[in-house]
$ cat model.cif   # mmCIF, C-alpha atoms
data_upload
#
loop_
_atom_site.label_atom_id
_atom_site.label_comp_id
_atom_site.auth_asym_id
_atom_site.auth_seq_id
_atom_site.Cartn_x
_atom_site.Cartn_y
_atom_site.Cartn_z
CA MET A 1314 84.90 75.82 90.52
CA ILE A 1315 84.61 78.48 93.22
CA PRO A 1316 85.09 81.93 91.63
CA GLN A 1317 87.05 84.61 93.49
CA ASP A 1318 85.62 87.75 95.00
CA ARG A 1319 86.97 90.73 96.93
CA PHE A 1320 85.96 93.47 99.31
CA PHE A 1321 87.25 96.97 99.99
CA ILE A 1322 86.40 98.81 103.21
CA VAL A 1323 87.29 102.51 102.97
CA ALA A 1324 86.79 104.86 105.94
CA LYS A 1325 87.96 108.39 106.73
CA VAL A 1326 90.74 108.90 109.25
CA PRO A 1327 91.23 112.27 111.00
CA ASP A 1328 94.71 113.66 110.41
CA SER A 1329 95.35 113.61 114.16
CA ASN A 1330 94.85 109.81 114.20
CA VAL A 1331 97.04 108.84 111.23
CA ASP A 1332 100.34 108.37 113.09
CA GLY A 1333 98.69 106.44 115.92
CA LEU A 1334 96.87 104.20 113.42
CA ARG A 1335 100.05 103.38 111.56
CA SER A 1336 101.85 102.53 114.80
CA PHE A 1337 98.94 100.28 115.82
CA LEU A 1338 98.91 98.48 112.46
CA LYS A 1339 102.61 97.66 112.91
CA THR A 1340 101.64 95.31 115.74
CA MET A 1341 100.08 93.02 113.10
CA THR A 1342 103.37 92.53 111.25
CA PHE A 1343 106.64 90.68 111.85
CA PRO A 1344 109.07 92.96 113.72
CA GLU A 1345 111.89 92.87 111.17
CA GLN A 1346 109.72 92.67 108.02
CA THR A 1347 108.07 96.01 107.42
CA GLY A 1348 104.41 95.61 106.46
CA PHE A 1349 104.56 91.78 106.21
CA ALA A 1350 101.62 90.42 108.18
CA ASP A 1351 101.92 87.78 110.87
CA PRO A 1352 99.16 85.29 109.87
CA ALA A 1353 98.52 84.60 113.56
CA ASN A 1354 98.44 88.23 114.73
CA SER A 1355 95.95 88.90 117.52
CA LEU A 1356 93.97 91.66 115.76
CA VAL A 1357 93.02 90.00 112.45
CA PRO A 1358 94.50 86.47 112.29
CA PHE A 1359 94.39 86.11 108.51
CA GLY A 1360 95.67 82.55 108.63
CA GLU A 1361 92.45 81.37 110.32
CA PHE A 1362 90.38 82.32 107.27
CA GLU A 1363 91.11 79.61 104.71
CA THR A 1364 89.51 81.49 101.78
CA ILE A 1365 91.73 84.61 101.86
CA HIS A 1366 94.35 84.77 99.10
CA PHE A 1367 95.67 88.27 99.83
CA ALA A 1368 94.73 91.00 102.29
CA ARG A 1369 96.04 94.42 103.24
CA PHE A 1370 95.52 97.46 105.39
CA ALA A 1371 96.73 100.69 103.81
CA VAL A 1372 96.47 104.24 105.06
CA LEU A 1373 95.48 106.14 101.92
CA ALA A 1374 97.42 109.33 102.61
CA ASP A 1375 97.69 111.07 99.23
CA ASN A 1376 100.99 112.92 98.93
CA THR A 1377 100.21 114.06 95.37
CA LEU A 1378 97.38 116.50 96.20
CA LYS A 1379 99.59 119.54 95.62
CA ASP A 1380 100.92 118.32 92.27
CA GLY A 1381 98.28 120.26 90.31
CA GLU A 1382 98.75 123.56 92.12
CA GLY A 1383 99.60 126.27 89.63
CA TYR A 1384 98.59 124.03 86.73
CA TYR A 1385 94.87 123.48 87.37
CA PRO A 1386 92.20 125.60 89.10
CA PRO A 1387 92.23 125.14 92.90
CA SER A 1388 90.03 122.32 94.15
CA ARG A 1389 86.94 123.17 96.17
CA PHE A 1390 87.35 120.00 98.22
CA ALA A 1391 89.55 119.16 101.20
CA GLU A 1392 90.37 115.56 100.35
CA PRO A 1393 90.56 113.32 103.43
CA THR A 1394 92.88 110.51 104.42
CA TYR A 1395 91.32 107.03 104.42
CA LEU A 1396 92.01 103.61 105.87
CA CYS A 1397 91.52 100.80 103.36
CA PHE A 1398 91.02 97.18 104.39
CA MET A 1399 90.78 94.79 101.44
CA ALA A 1400 90.94 91.09 100.73
CA ASP A 1401 90.95 88.78 97.71
CA CYS A 1402 89.05 85.62 98.58
CA ASP A 1403 87.29 82.48 97.36
CA GLY A 1404 83.51 82.54 97.23
CA ASP A 1405 81.23 85.34 98.40
CA ALA A 1406 83.23 88.23 99.89
CA ASP A 1407 80.26 89.32 102.00
CA GLU A 1408 80.22 85.94 103.73
CA LEU A 1409 83.94 86.28 104.47
CA LEU A 1410 83.40 89.81 105.77
CA ALA A 1411 80.71 88.52 108.14
CA ARG A 1412 83.04 85.79 109.43
CA ILE A 1413 85.88 88.27 109.98
CA ALA A 1414 83.56 90.68 111.79
CA GLN A 1415 82.45 87.83 114.07
CA LYS A 1416 85.85 86.29 114.80
CA ALA A 1417 88.36 89.17 114.49
CA ASP A 1418 87.34 91.51 117.26
CA GLY A 1419 90.57 93.43 116.66
CA LEU A 1420 88.81 95.17 113.79
CA ARG A 1421 86.99 97.31 116.34
CA LYS A 1422 90.29 98.56 117.71
CA ILE A 1423 91.65 99.24 114.22
CA PHE A 1424 88.63 101.13 112.95
CA SER A 1425 88.30 103.08 116.21
CA TYR A 1426 90.85 105.42 114.61
CA CYS A 1427 88.26 106.28 111.93
CA GLU A 1428 86.10 109.33 112.39
CA ASP A 1429 82.60 107.83 112.40
CA PHE A 1430 83.21 104.47 114.07
CA VAL A 1431 81.51 103.53 117.35
CA GLU A 1432 83.26 100.62 119.10
CA THR A 1433 80.07 99.34 120.69
CA GLY A 1434 78.05 99.57 117.47
CA ASP A 1435 77.17 97.04 114.77
CA LEU A 1436 80.57 96.20 113.30
CA LEU A 1437 79.32 94.22 110.30
CA GLY A 1438 76.74 96.87 109.42
CA TRP A 1439 79.40 99.57 109.62
CA LEU A 1440 81.79 97.58 107.41
CA ARG A 1441 79.08 97.02 104.80
CA ALA A 1442 78.18 100.73 104.84
CA HIS A 1443 81.82 101.58 104.06
CA ARG A 1444 82.33 98.96 101.40
CA VAL A 1445 83.46 100.30 98.03
CA LYS A 1446 83.34 98.24 94.84
CA PRO A 1447 86.29 98.35 92.43
CA LEU A 1448 85.42 99.40 88.91
CA ALA A 1449 87.76 96.75 87.48
CA SER A 1450 89.44 93.68 88.93
CA TYR A 1451 91.82 91.06 87.57
CA VAL A 1452 92.48 87.57 88.96
CA ASN A 1453 95.33 85.44 87.61
CA TRP A 1454 93.37 82.18 87.44
CA VAL A 1455 89.63 82.26 88.02
CA GLY A 1456 88.54 79.36 90.22
CA ARG A 1457 91.88 78.40 91.77
CA THR A 1458 91.21 78.36 95.51
CA VAL A 1459 93.57 78.81 98.45
CA VAL A 1460 92.97 75.19 99.48
CA GLN A 1461 93.79 74.02 95.95
CA ALA A 1462 96.98 76.08 95.84
CA LYS A 1463 98.23 74.64 99.13
CA GLU A 1464 97.27 71.04 98.35
CA GLU A 1465 98.89 71.14 94.90
CA ALA A 1466 102.07 72.67 96.36
CA ARG A 1467 102.22 69.80 98.87
CA LEU A 1468 101.68 67.24 96.09
CA HIS A 1469 104.55 68.75 94.11
CA ARG A 1470 106.84 68.66 97.15
CA LEU A 1471 106.03 64.99 97.89
CA LEU A 1472 106.58 63.98 94.26
CA ARG A 1473 109.89 65.84 94.13
CA GLU A 1474 111.04 64.10 97.33
CA ALA A 1475 109.94 60.66 96.13
CA LEU A 1476 111.35 60.82 92.60
CA PRO A 1477 115.08 60.32 93.41
CA ALA A 1478 114.34 57.05 95.22
CA ILE A 1479 112.67 55.44 92.19
CA ASP A 1480 115.00 53.25 90.14
CA GLU A 1481 112.58 52.60 87.26
CA ARG A 1482 113.53 53.77 83.78
CA ASP A 1483 110.28 53.05 81.95
CA PRO A 1484 107.99 56.15 82.04
CA GLN A 1485 104.91 54.08 82.81
CA GLY A 1486 106.74 52.32 85.63
CA ILE A 1487 107.95 55.62 87.10
CA LEU A 1488 104.42 57.02 87.07
CA ALA A 1489 103.00 53.91 88.71
CA ARG A 1490 105.67 53.94 91.45
CA LEU A 1491 105.14 57.62 92.13
CA ARG A 1492 101.40 57.18 92.47
CA GLN A 1493 101.96 54.19 94.75
CA SER A 1494 104.48 56.07 96.87
CA VAL A 1495 102.77 59.44 97.13
CA GLY A 1496 99.10 58.56 96.75
CA PRO A 1497 98.38 57.51 100.36
CA ALA A 1498 99.88 60.76 101.71
CA VAL A 1499 98.01 63.08 99.37
CA SER A 1500 94.53 64.48 99.86
CA LEU A 1501 93.29 66.50 96.91
CA THR A 1502 89.95 68.24 97.27
CA PRO A 1503 87.74 67.70 94.21
CA THR A 1504 86.80 70.81 92.25
CA PRO A 1505 83.30 71.85 93.37
CA PRO A 1506 80.60 72.78 90.83
CA THR A 1507 80.42 76.41 89.75
CA PRO A 1508 77.50 78.22 91.43
CA LEU A 1509 74.63 78.64 88.96
CA ALA A 1510 73.90 82.19 90.11
CA TRP A 1511 77.50 83.20 89.38
CA ARG A 1512 77.34 81.60 85.92
CA ILE A 1513 74.20 83.55 85.08
CA ARG A 1514 75.61 86.86 86.35
CA ASN A 1515 78.88 86.33 84.56
CA LEU A 1516 77.20 85.41 81.28
CA ALA A 1517 74.88 88.42 81.49
CA HIS A 1518 77.84 90.71 82.19
CA MET A 1519 79.69 89.31 79.18
CA LEU A 1520 76.81 89.35 76.70
CA LEU A 1521 74.96 92.54 77.60
CA PRO A 1522 77.29 95.04 75.86
CA LEU A 1523 77.64 92.70 72.87
CA LEU A 1524 73.88 92.29 72.59
CA VAL A 1525 73.28 96.05 72.80
CA ALA A 1526 75.84 96.66 70.06
CA ALA A 1527 74.38 93.89 67.88
CA ILE A 1528 70.80 95.15 68.32
CA CYS A 1529 71.81 98.69 67.37
CA LEU A 1530 73.63 97.47 64.27
CA VAL A 1531 70.75 95.20 63.19
CA LEU A 1532 67.84 97.55 63.86
CA PHE A 1533 69.49 100.89 63.10
CA PRO A 1534 72.58 100.12 61.01
CA VAL A 1535 72.93 103.48 59.26
CA ILE A 1536 72.21 105.59 62.31
CA THR A 1537 74.54 103.47 64.45
CA ILE A 1538 77.43 103.68 62.00
CA VAL A 1539 76.96 107.43 61.45
CA LEU A 1540 76.78 108.15 65.18
CA LEU A 1541 79.78 105.92 65.81
CA ALA A 1542 81.80 107.70 63.12
CA ILE A 1543 80.85 111.16 64.38
CA GLY A 1544 81.47 110.16 68.00
CA THR A 1545 84.88 108.71 67.15
CA LEU A 1546 85.87 111.85 65.24
CA LEU A 1547 84.78 114.15 68.07
CA PHE A 1548 86.53 111.95 70.62
CA VAL A 1549 89.80 112.00 68.66
CA ILE A 1550 89.67 115.79 68.26
CA ALA A 1551 88.96 116.30 71.97
CA LEU A 1552 91.64 113.77 72.93
CA ARG A 1553 94.35 115.48 70.88
CA TRP A 1554 93.35 118.88 72.22
CA HIS A 1555 93.63 117.63 75.80
CA GLU A 1556 96.92 115.83 75.15
CA GLN A 1557 98.46 118.96 73.63
CA THR A 1558 97.15 121.35 76.29
CA ASP A 1559 97.54 119.26 79.44
CA PRO A 1560 100.32 120.74 81.58
CA ILE A 1561 103.56 118.83 81.95
CA ILE A 1562 104.02 118.43 85.70
CA PRO A 1563 107.50 117.29 86.76
CA GLN A 1564 107.48 114.46 89.27
CA PRO A 1565 110.00 114.53 92.10
CA TYR A 1566 112.30 111.68 92.99
CA ASP A 1567 112.58 111.35 96.75
CA PRO A 1568 115.34 108.86 97.68
CA GLU A 1569 114.21 108.74 101.31
CA LYS A 1570 110.64 107.85 100.31
CA VAL A 1571 111.86 105.16 97.90
CA THR A 1572 114.01 103.71 100.68
CA ARG A 1573 110.96 103.55 102.99
CA LEU A 1574 108.90 101.88 100.28
CA ARG A 1575 111.61 99.32 99.61
CA LYS A 1576 111.59 98.29 103.27
CA GLY A 1577 108.10 96.90 102.63
CA GLU A 1578 109.18 94.93 99.56
CA ASP A 1579 110.91 91.63 98.79
CA HIS A 1580 109.85 89.79 101.96
CA ASP A 1581 108.53 87.05 99.65
CA VAL A 1582 108.71 86.06 95.98
CA THR A 1583 105.52 88.12 95.63
CA ASN A 1584 105.25 91.84 96.33
CA GLN A 1585 102.44 94.32 96.92
CA TYR A 1586 101.88 97.69 95.27
CA THR A 1587 99.43 100.45 96.18
CA ALA A 1588 99.24 103.83 94.45
CA MET A 1589 96.75 106.67 94.49
CA GLY A 1590 96.23 110.04 92.84
CA SER A 1591 93.77 112.51 91.37
CA LEU A 1592 92.04 112.45 88.00
CA LYS A 1593 92.59 115.30 85.61
CA PRO A 1594 89.74 117.80 85.87
CA GLY A 1595 86.95 117.90 83.30
CA ARG A 1596 84.19 115.59 82.14
CA PHE A 1597 86.07 114.42 79.07
CA ARG A 1598 88.92 112.94 81.10
CA LEU A 1599 86.51 111.52 83.68
CA TRP A 1600 84.29 109.72 81.18
CA THR A 1601 87.29 108.50 79.19
CA VAL A 1602 88.86 107.02 82.32
CA LEU A 1603 85.60 105.39 83.41
CA ALA A 1604 84.96 103.90 79.96
CA ILE A 1605 88.48 102.51 79.65
CA THR A 1606 88.45 101.10 83.19
CA CYS A 1607 85.12 99.38 82.54
CA LEU A 1608 86.61 97.91 79.35
CA ILE A 1609 89.64 96.68 81.32
CA GLY A 1610 87.27 95.10 83.83
CA TRP A 1611 85.29 93.34 81.08
CA ILE A 1612 88.45 91.98 79.45
CA ALA A 1613 89.91 90.86 82.80
CA ARG A 1614 86.66 89.15 83.76
CA HIS A 1615 85.95 87.31 80.51
CA ILE A 1616 89.15 87.02 78.47
CA CYS A 1617 92.22 87.21 80.71
CA THR A 1618 91.18 84.48 83.15
CA ARG A 1619 93.91 81.88 82.67
CA GLY A 1620 97.23 83.20 83.88
CA THR A 1621 98.06 86.32 81.88
CA LEU A 1622 96.97 89.94 81.67
CA GLY A 1623 98.07 90.92 78.19
CA ARG A 1624 101.56 89.43 78.03
CA ILE A 1625 102.18 89.68 81.77
CA ALA A 1626 102.07 86.39 83.70
CA THR A 1627 103.38 87.60 87.07
CA ILE A 1628 100.24 89.32 88.41
CA HIS A 1629 98.15 87.50 91.02
CA SER A 1630 95.45 90.17 91.23
CA ALA A 1631 94.88 93.85 90.47
CA HIS A 1632 92.09 96.31 91.29
CA TRP A 1633 91.09 99.82 90.18
CA VAL A 1634 89.03 101.71 92.81
CA PHE A 1635 87.60 105.24 92.64
CA ILE A 1636 86.73 107.39 95.65
CA ASP A 1637 85.58 110.95 96.42
CA ARG A 1638 82.96 110.91 93.68
CA TYR A 1639 85.57 109.87 91.10
CA ARG A 1640 87.90 112.80 91.83
CA ARG A 1641 90.56 110.36 93.06
CA GLY A 1642 91.35 106.71 92.77
CA PHE A 1643 93.75 104.07 93.94
CA PHE A 1644 95.24 100.97 92.35
CA CYS A 1645 96.49 97.92 94.21
CA THR A 1646 98.06 94.74 92.95
CA ASN A 1647 99.99 91.63 94.00
CA TYR A 1648 102.81 90.61 91.66
CA ASP A 1649 105.85 88.34 91.51
CA GLY A 1650 109.43 89.56 91.40
CA THR A 1651 111.00 92.86 92.28
CA HIS A 1652 109.37 96.25 91.86
CA GLU A 1653 111.85 97.27 89.18
CA ALA A 1654 111.34 94.07 87.18
CA TYR A 1655 107.55 94.49 87.43
CA MET A 1656 107.68 98.02 86.03
CA ASP A 1657 110.14 97.06 83.30
CA ASP A 1658 107.88 94.17 82.32
CA PHE A 1659 104.93 96.48 81.85
CA ILE A 1660 106.85 99.23 80.07
CA ASN A 1661 108.48 96.83 77.62
CA LYS A 1662 105.52 94.54 76.95
CA VAL A 1663 102.33 96.54 77.41
CA GLY A 1664 103.29 100.20 77.78
CA PHE A 1665 100.21 101.13 75.78
CA GLY A 1666 98.11 99.42 78.44
CA LEU A 1667 99.63 101.62 81.14
CA ASN A 1668 98.76 104.65 79.02
CA LEU A 1669 95.19 103.49 78.57
CA ALA A 1670 94.71 102.73 82.25
CA PHE A 1671 96.43 105.68 83.89
CA SER A 1672 96.91 108.59 81.46
CA GLY A 1673 93.80 110.27 82.87
CA ALA A 1674 95.62 110.91 86.15
CA VAL A 1675 97.23 114.22 87.05
CA ALA A 1676 100.94 114.42 86.14
CA TYR A 1677 101.01 111.24 84.02
CA PRO A 1678 103.67 111.54 81.29
CA THR A 1679 102.28 113.02 78.05
CA THR A 1680 100.69 110.53 75.65
CA ASP A 1681 100.04 110.64 71.90
CA TRP A 1682 96.68 109.31 70.68
CA LEU A 1683 96.16 107.73 74.11
CA LEU A 1684 98.44 104.79 73.30
CA ALA A 1685 101.89 106.14 72.36
CA ARG A 1686 104.62 107.80 74.44
CA GLY A 1687 103.51 108.12 78.08
CA ALA A 1688 104.99 105.08 79.87
CA TRP A 1689 107.68 104.79 77.19
CA PHE A 1690 109.24 107.90 78.72
CA GLU A 1691 110.71 105.33 81.08
CA GLN A 1692 112.36 107.51 83.72
CA ASP A 1693 109.47 109.99 83.77
CA PHE A 1694 107.02 107.14 84.29
CA LYS A 1695 109.10 105.49 87.00
CA ARG A 1696 109.34 108.77 88.92
CA TYR A 1697 105.59 109.21 88.47
CA GLN A 1698 104.63 105.79 89.81
CA ARG A 1699 107.03 105.93 92.78
CA HIS A 1700 105.72 109.41 93.66
CA HIS A 1701 102.14 108.07 93.66
CA GLN A 1702 102.96 104.87 95.51
CA ILE A 1703 101.95 104.56 99.16
CA PRO A 1704 103.06 101.86 101.59
CA SER A 1705 100.83 98.93 102.41
CA ASP A 1706 100.92 99.05 106.20
CA VAL A 1707 99.88 95.40 106.54
CA TRP A 1708 100.07 92.84 103.73
CA TYR A 1709 99.14 89.15 103.88
CA LYS A 1710 99.68 86.31 101.42
CA ALA A 1711 98.18 82.86 102.03
CA TYR A 1712 100.87 80.83 100.26
CA PRO A 1713 104.35 82.36 100.76
CA GLY A 1714 107.08 81.23 98.42
CA LEU A 1715 104.78 80.43 95.51
CA THR A 1716 104.70 82.54 92.35
CA ALA A 1717 101.85 82.61 89.85
CA ARG A 1718 103.95 80.39 87.57
CA ASP A 1719 104.48 77.95 90.46
CA LEU A 1720 100.74 77.76 91.02
CA SER A 1721 100.11 77.03 87.33
CA ARG A 1722 102.85 74.40 87.22
CA ASN A 1723 101.50 72.71 90.34
CA SER A 1724 98.06 72.54 88.74
CA ARG A 1725 99.54 70.87 85.67
CA ILE A 1726 101.34 68.38 87.91
CA ARG A 1727 98.08 67.58 89.67
CA ASN A 1728 96.27 67.13 86.35
CA GLY A 1729 98.90 64.61 85.27
CA PHE A 1730 98.83 62.82 88.62
CA GLU A 1731 95.05 62.38 88.40
CA LYS A 1732 94.87 61.63 84.67
CA PRO A 1733 93.83 57.99 84.14
CA GLN A 1734 96.23 57.36 81.25
CA MET A 1735 99.22 59.14 79.73
CA SER A 1736 101.52 58.28 76.87
CA ASP A 1737 105.26 57.92 77.46
CA ASP A 1738 105.90 61.37 75.98
CA GLU A 1739 103.22 62.91 78.19
CA ILE A 1740 104.79 61.30 81.26
CA ARG A 1741 108.23 62.60 80.31
CA ARG A 1742 106.87 66.15 79.99
CA TRP A 1743 105.03 65.71 83.29
CA LEU A 1744 108.20 64.50 85.04
CA ALA A 1745 110.09 67.52 83.72
CA GLU A 1746 107.59 69.75 85.56
CA ILE A 1747 108.46 68.05 88.86
#
$ encode --input "model.cif" --output "structure tokens"
Amino acid sequence: MIPQDRFFIVAKVPDSNVDGLRSFLKTMTFPEQTGFADPANSLVPFGEFETIHFARFAVLADNTLKDGEGYYPPSRFAEPTYLCFMADCDGDADELLARIAQKADGLRKIFSYCEDFVETGDLLGWLRAHRVKPLASYVNWVGRTVVQAKEEARLHRLLREALPAIDERDPQGILARLRQSVGPAVSLTPTPPTPLAWRIRNLAHMLLPLLVAAICLVLFPVITIVLLAIGTLLFVIALRWHEQTDPIIPQPYDPEKVTRLRKGEDHDVTNQYTAMGSLKPGRFRLWTVLAITCLIGWIARHICTRGTLGRIATIHSAHWVFIDRYRRGFFCTNYDGTHEAYMDDFINKVGFGLNLAFSGAVAYPTTDWLLARGAWFEQDFKRYQRHHQIPSDVWYKAYPGLTARDLSRNSRIRNGFEKPQMSDDEIRRWLAEI
């Protein structure tokens, strides 16, 4: 298989250039679909790069910077506005970035709005210098490529069109007729071998923390257990003190802002979401957030690799990125369904996960023991997340009209189509998928 990768380019934008940049980015989108990218736009023609799953340009203008005023000590930093260009892709993201830099000369015009960009300079070198790595990333199905998704969708469509014309009643006969009818028109790319270097890196990433823990327990069992017990006790005490002393910061509900955000939603069965904010001050909150985010990244990379994150099956990808020396961060995701259904899904199924991932941010609803309350204050949480949400100025999806469940179903259909032998019951279940 070809594992997925991603890149994030983050560059400062002077305040005087923000409005002009946003107007320029609009030229990459369809006129009547706010933020929805034209795959053939002249600046960055996403459709010409067959390995891109999702891409976006977002002006990271943080409208929550004043939320902590009067609650926390004034910040010593004047936090800038950034432009973020990101993409989820198949294979090495650096190779894709090099191809885009070579073919999409419109990037020079886009990044000319950034404060340290020189249009005649080394574009690829500049992009690499401004690349930021997410601390955690989730992919719905590791190894499913853009080419595979499109080919399997076409196979499903051809089978669905051919099925009504078949007058067989025997399952084996139906399968044989379908293969005979559709086979010549279908070209399915074989799954390539997984790169050895990726296997080694992935295995090392999975085993290293487990090996360190095992070595400590084997070589220094008493010391390890005592330190773990003392550390847990001190952490719980500090956590409760912070939870009980953190200020409760009301979050506004701005109907006009929500209306603007909704104009960039529901152009497809899949939607985008980008949100940013500041971390609560203090080393305890910082190290807690970093530790939890690293844990989320480990789980997403090694456990949740086949269609679900927790109990949520509608997420295509999600990324946690920190900037400004971990004073701020942003979160971006691609999900199926409406915004409201997405939030309800999380609150009802894995509200504790929202608390773990985001309770270290300024103004997050108050939690108990890190897991309870928080997101379960439903209206408080929904006001919080809408207040922190920012529009994705340009958003691209390689396979419009297909949900994560569609992609999984199409893969099952392909597996059945290519399987040498199936029983009658297996064929009936396979036909039901069509």
$ resolve_selection --input "model.cif" --expression "the PyMOL selection byres ((chain A and resi 1644-1652) around 9)" --output "MDAnalysis selection string"
chainID A and resid 1367 1575 1578:1579 1581:1589 1626:1635 1642:1643 1653:1657 1715:1717
$ closest_residue --input "model.cif" --among "A:Arg1619, A:Ala1613, A:Glu1746, A:Pro1733" --to "Ala1449 in chain A" --atoms "only C-alpha atoms"
A:Ala1613
$ closest_residue --input "model.cif" --among "A:His1701, A:Cys1617, A:Val1675, A:Ser1355" --to "Leu1574 in chain A" --atoms "only C-alpha atoms"
A:His1701
$ closest_residue --input "model.cif" --among "A:Asp1706, A:Glu1731, A:Glu1432, A:Glu1464" --to "Met1399 in chain A" --atoms "all atoms listed in the file"
A:Asp1706
$ residues_around --input "model.cif" --residues "range 1567-1569 of chain A" --least-positions-apart "5" --cutoff "9 Å" --atoms "all atoms listed in the file" --output "number ranges by chain"
A: 1574, 1696, 1699-1700
$ closest_atom_pairs --input "model.cif" --of "range 1507-1616 of chain A" --to "range 1369-1388 of chain A" --cutoff "8 Å" --atoms "all atoms listed in the file" --output "CSV"
residue,atom,partner,partner_atom,distance
A:Pro1560,CA,A:Tyr1384,CA,6.4
A:Ile1562,CA,A:Asp1380,CA,7.3
A:Met1589,CA,A:Asp1375,CA,6.5
A:Gly1590,CA,A:Thr1377,CA,6.2
A:Ser1591,CA,A:Leu1378,CA,7.2
A:Pro1594,CA,A:Tyr1385,CA,7.8
$ resolve_selection --input "model.cif" --expression "the PyMOL selection byres ((chain A and resi 1455) around 9)" --output "list in words"
Met1314, Ile1315, Pro1316, Gln1317, Val1452, Asn1453, Trp1454, Gly1456, Arg1457, Thr1458, Arg1614, Thr1618, Arg1619 and Gly1620 of chain A
$ closest_residue --input "model.cif" --among "A:Ser1450, A:Asn1661, A:Asn1515, A:Gln1692" --to "Thr1606 in chain A" --atoms "all atoms listed in the file"
A:Ser1450
$ atom_distance --input "model.cif" --atom1 "CA of Val1531 in chain A" --atom2 "CA of Arg1512 in chain A"
27.3 Å
$ resolve_selection --input "model.cif" --expression "the PyMOL selection byres ((chain A and resi 1711-1713) around 9)" --output "JSON, numbers by chain"
{"A": [1352, 1359, 1360, 1363, 1364, 1365, 1366, 1367, 1368, 1459, 1462, 1463, 1581, 1582, 1583, 1709, 1710, 1714, 1715, 1716]}
$ residues_around --input "model.cif" --residues "Asn1723 in chain A" --least-positions-apart "4" --cutoff "7 Å" --atoms "only C-alpha atoms" --output "list in words"
Glu1465, Ala1466, His1469, Asp1719 and Arg1727 of chain A
$ atom_distance --input "model.cif" --atom1 "CA of Thr1394 in chain A" --atom2 "CA of Val1571 in chain A"
20.8 Å
$ atom_distance --input "model.cif" --atom1 "CA of Asp1435 in chain A" --atom2 "CA of Ala1414 in chain A"
9.5 Å
$ closest_residue --input "model.cif" --among "A:Ala1353, A:Ala1417, A:Ile1423, A:Leu1516" --to "Val1326 in chain A" --atoms "only C-alpha atoms"
A:Ile1423
$ closest_residue --input "model.cif" --among "A:Val1495, A:Ile1561, A:Ile1609, A:Cys1427" --to "Lys1325 in chain A" --atoms "all atoms listed in the file"
A:Cys1427
$ axis_aligned_box --input "model.cif" --around "range 1429-1435 of chain A" --padding-each-side "8 Å" --output "AutoDock Vina command-line options"
--center_x 80.2 --center_y 102.4 --center_z 116.5 --size_x 22.1 --size_y 26.8 --size_z 24.3
$ residues_around --input "model.cif" --residues "Val1663 in chain A" --least-positions-apart "2" --cutoff "12 Å" --atoms "only C-alpha atoms" --output "short mmCIF file (atom, residue, chain, number, x, y, z; two decimals) with C-alpha atoms, in the frame of the given file"
data_model
loop_
_atom_site.label_atom_id
_atom_site.label_comp_id
_atom_site.auth_asym_id
_atom_site.auth_seq_id
_atom_site.Cartn_x
_atom_site.Cartn_y
_atom_site.Cartn_z
CA THR A 1621 98.06 86.32 81.88
CA LEU A 1622 96.97 89.94 81.67
CA GLY A 1623 98.07 90.92 78.19
CA ARG A 1624 101.56 89.43 78.03
CA ILE A 1625 102.18 89.68 81.77
CA ALA A 1626 102.07 86.39 83.70
CA TYR A 1655 107.55 94.49 87.43
CA MET A 1656 107.68 98.02 86.03
CA ASP A 1657 110.14 97.06 83.30
CA ASP A 1658 107.88 94.17 82.32
CA PHE A 1659 104.93 96.48 81.85
CA ILE A 1660 106.85 99.23 80.07
CA ASN A 1661 108.48 96.83 77.62
CA PHE A 1665 100.21 101.13 75.78
CA GLY A 1666 98.11 99.42 78.44
CA LEU A 1667 99.63 101.62 81.14
CA ASN A 1668 98.76 104.65 79.02
CA LEU A 1669 95.19 103.49 78.57
CA ALA A 1670 94.71 102.73 82.25
CA LEU A 1684 98.44 104.79 73.30
CA ALA A 1685 101.89 106.14 72.36
CA ARG A 1686 104.62 107.80 74.44
CA GLY A 1687 103.51 108.12 78.08
CA ALA A 1688 104.99 105.08 79.87
CA TRP A 1689 107.68 104.79 77.19
#
$ residues_around --input "model.cif" --residues "range 1440-1445 of chain A" --least-positions-apart "5" --cutoff "10 Å" --atoms "all atoms listed in the file" --output "PyMOL selection string"
chain A and resi 1320-1325+1397-1399+1407+1410-1411+1414+1420+1424+1430+1435+1634-1636
